[in-house]
Amino acid sequence: MDIFGSFALLLAFLATVYAFVAGIVGIITRRTLLTKSARNAGMAVFGLITLAVASLEYFFFTDNFSLAYVAAHSNHALPLYYKFSALWAGQEGSLLWWSWLLSIYVFLALFLNRKKHPELMPYVGVTLAGVQTFFLVLNNFVASPFHVLASADSAGVMHMARLSEGTGLNPLLQYPEMVIHPPMLYLGYTGFTIPFAFAMAALLARYPGEKWIHITRRWTMVAWCFQGIGVLLGAHWAYAVLGWGGYWAWDPVENAALLPWITGTAFLHSVMMQEKRGMMKVWNVWLVFVTFMLCILGTSLTRTGIVSSVHAFAESSIGGWFFGFLGIVFVVCLATWFKNRDYLRSDNKLDSLVSRESSFLFNNLILLAACFAVLWGTLFPVLSEWVTGSKISVGPPFFNKVNVPIALFLLFLTGVGPLLAWRKTSLDALRRNFAWPLVGGLIAGAAGFAFGWREFYPQICLILSVFVTLTIFSEFYRGARVIASRDGSNLLTAVGELTMRNTRRYGGYVVHFAMVLIFVGIAGSAFNQDIQKELKVGQSLTIGPYTILCQNFDQPSNENYESDRATLEVFRNGHSEMMLYPERRLFRTSQVTETIVANESTPVHDLYVVYAGRSPDTNLPVIHAYLNPLVKWIWFGGIVMVLGTCLAMVPDRRAAIVLRAARDRSWGDAIVQGGSGSPATSPVRSAPIRRPGSDD
Amino acid sequence: MKARKKFLVGSGIIVATLLALAYVGYTQSKTYYHTISELPTLQGSTLHQRMRVSGNVRAGSISHRDGRVNFVLEEQGKDLSVSYIGNDPLPDTFKDGAQALVEGRLMPEGSFVAEQVQAKCASKYEASPIGAPAGGDKSPNKS
């Protein structure tokens, strides 16, 4: 079976190299048959890598410890679903997983567009095959997961060895989220390859207009959403498993996952400038190039340990490959852009500072600044060692100082931007759109101050959050009111109708609202409290409104681990509220201890209790309790973000009347050209609501 | 052109503010990496900087005393006695022989006061059979 797997992987490599070379030859010689065969090879790669993945999973499920990778990441006692997720627990498997997820995207992109865009697709196929080739080189020749265990006897002859038991999966990965977090994050990382390939192809083929943006709009949203889910799940995992009471530490690996998400966000916004106004063409192409490169960089930071991190892998030889590939990608991007830069000339100029355009420009500027700051801080130890010879690292204060104001400014733009009109917004329109939300925000701020919400940044965050929420709701309300009065339907039906007519816009508002929820949750961290105390049975500690009484200590265990557990009763105002069972587990095979946090989470706050171990002096158990306000809002915001993104991907429902109304209106040349390609993004749907700022 | 100019001025203000904030954050949190053997050679202001030092925890050297945890880090035959004064519980991976990274300041008499301790458990794969993956993960990771 190991031969089967590695053979499938080798064939996949050959197929993708064929797709790359034949694709290029097909473009040069203009032979359709060759182009077609290159495309088929590109799609076949998916099937072949699937076989390799299935074969590796087969080893895990049959407890076959003759493969080094299986022996290092699994054992008999490992529960079935972790045997499945053990596939991506280490270097080789993760890279195979990356390759496989990429091949899914490649297959779908080639298959779904097989009869469309004949001038564009050959270039797309070649670009995708190029990226896939790199990963298959790693899978086959640098970090193959199919290495068999073997040892030499006295005569120097190698014998296959099969271990009776594996080392077991790292206990920190034995957590339900670790089954879904890596696939989500990797679906994000790999997904940005598709818009990258289309942008590259459009540039190479000098493909007319903004079509590539319409084609990749949904792909970008899918990748962006997965990346966001991946980041949030990672944060949630760190919070729930690592037991330090926080969810974000600006660790290099966390930053690496955040970076492409930031530039992806910038890209999702700035493409609208190109669609509607024909501006920022160069910028968009570079944004998508940079996002893709950050995905590769992120993967390499996780995989190589260039920057030391709690999570990073120890020294590995794979770094050179990644940086070589990054270098090649950069040079190809630069050359392609330079050669075809005249194709990216802007159609329009900025008309006014108070306009939709300028809000997008500020949005992009600020997102790029955040990206740059995070990248700089993450790579600072490496950079400073090159320049000055001494390795200097920067900590959370650096990241927070820069990113908190940026985040608040973004929140402000989230409320203001969508309501500004293209080109220029009048003072009157400003007053009409923003007066009430602003008043609402200030009232909320005053109320918050009265109830003890008195830190500077959280205070600003509260005001802005309420402001943004009110602008979003007023958008839904005003649009729905127009429909309701015309159709005679009730307001709720009208909201549904409104949303379905322009899913991109109203789905976008839902995502904005999700960001508000996440921001509120993060602002809550300014009010965290914690206390640590040695507790005997019968003793108690107090945190916030809670009193925690220690009832018992016991040692439950099973075949996978033995454990030390505290039974705590939590009182509030003298009433018993709940029992908590924080725990420390010692995993038998790996002899690694792990903290199991007891977390009672409510929308108001989390009571997060950790069994920190026994004090060596007194041998008494040490309990560390945290009271973290509003954390749940972050996870809830994540769910809303997914819903909003899904909504934005639903095709619009359009009424015939609306279509005619839109056709009668005059739009700029750029819009007619750009919008004609795809009904999903044409400005048609917003026609019924006639007021400044209504177009998308 | 006027709008363009205004936009550039606005951007300039934003970027300048962020640079200033970044500089403040940098001076507050910059931390130097030093090896244990480098420590005696430090002079002047570098002595009082916040720094990170890594090494292996000497077996049997961990002792807890009035809210502090004392231990000795070893690296290439050089020792450094460390006092951990932080409030957070020490990581599970912190034990005899573990590879530890301590962050804090050097005291005049040559000992080290740590405010943070990170630890990676001594590799469980080092003794694995021939043919084991070279890049096997030796530390907790979120892959």
# chains A, B, ... in the order shown; residues from 1 in each chain; ligands from 1
$ residues_around --residues "range 37-49 of chain B" --least-positions-apart "4" --cutoff "7 Å" --atoms "only C-alpha atoms" --output "list of chain:residue names"
B:Lys78, B:Arg105, B:Leu106
$ select_by_dssp --residues "range 471-599 of chain A" --states "strand (DSSP E)" --output "number ranges by chain"
A: 529-534, 540-543, 546-554, 561-572, 575-580, 583-587, 593-596, 598-599
$ residues_around --residues "range 52-63 of chain A" --least-positions-apart "6" --cutoff "9 Å" --atoms "only C-alpha atoms" --output "PyMOL selection string"
chain A and resi 1-2+4-9+70-71+73-76+80+83-84+86-87+93+96-97+100+145-146+164-166
$ residues_around --residues "range 516-528 of chain A" --least-positions-apart "2" --cutoff "7 Å" --atoms "only C-alpha atoms" --output "list in words"
Pro458, Cys461, Leu462, Ser465, His512, Phe513, Ala514, Asp530, Leu627, Asn628, Pro629, Leu630, Val631, Lys632, Trp633, Ile634 and Gly637 of chain A
$ residues_around --residues "range 428-440 of chain A" --least-positions-apart "3" --cutoff "12 Å" --atoms "only C-alpha atoms" --output "NGL selection string"
:A and (354-355 or 412 or 415-421 or 424-425 or 443-447 or 462-475 or 478 or 691-694)
$ closest_residue --among "A:Asp342, A:Glu594, A:Asp554, A:Glu497" --to "chain B" --atoms "only C-alpha atoms"
A:Glu594
$ select_by_dssp --residues "range 42-90 of chain B" --states "helix (DSSP H, G or I)" --output "JSON, numbers by chain"
{"B": [44, 45, 46, 47, 48]}
$ write_last_selection --atoms "N, CA and C atoms" --output "tab-separated table (two decimals), in the first residue's frame"
chain	number	residue	atom	x	y	z
B	44	GLY	N	27.48	48.00	29.28
B	44	GLY	CA	26.71	49.24	29.20
B	44	GLY	C	25.21	49.01	29.15
B	45	SER	N	24.57	49.71	28.23
B	45	SER	CA	23.11	49.71	28.20
B	45	SER	C	22.54	48.35	27.81
B	46	THR	N	23.31	47.60	27.03
B	46	THR	CA	22.79	46.30	26.60
B	46	THR	C	22.52	45.38	27.79
B	47	LEU	N	23.21	45.64	28.92
B	47	LEU	CA	23.04	44.81	30.11
B	47	LEU	C	21.63	44.93	30.69
B	48	HIS	N	21.04	46.11	30.52
B	48	HIS	CA	19.76	46.36	31.18
B	48	HIS	C	18.57	46.19	30.26
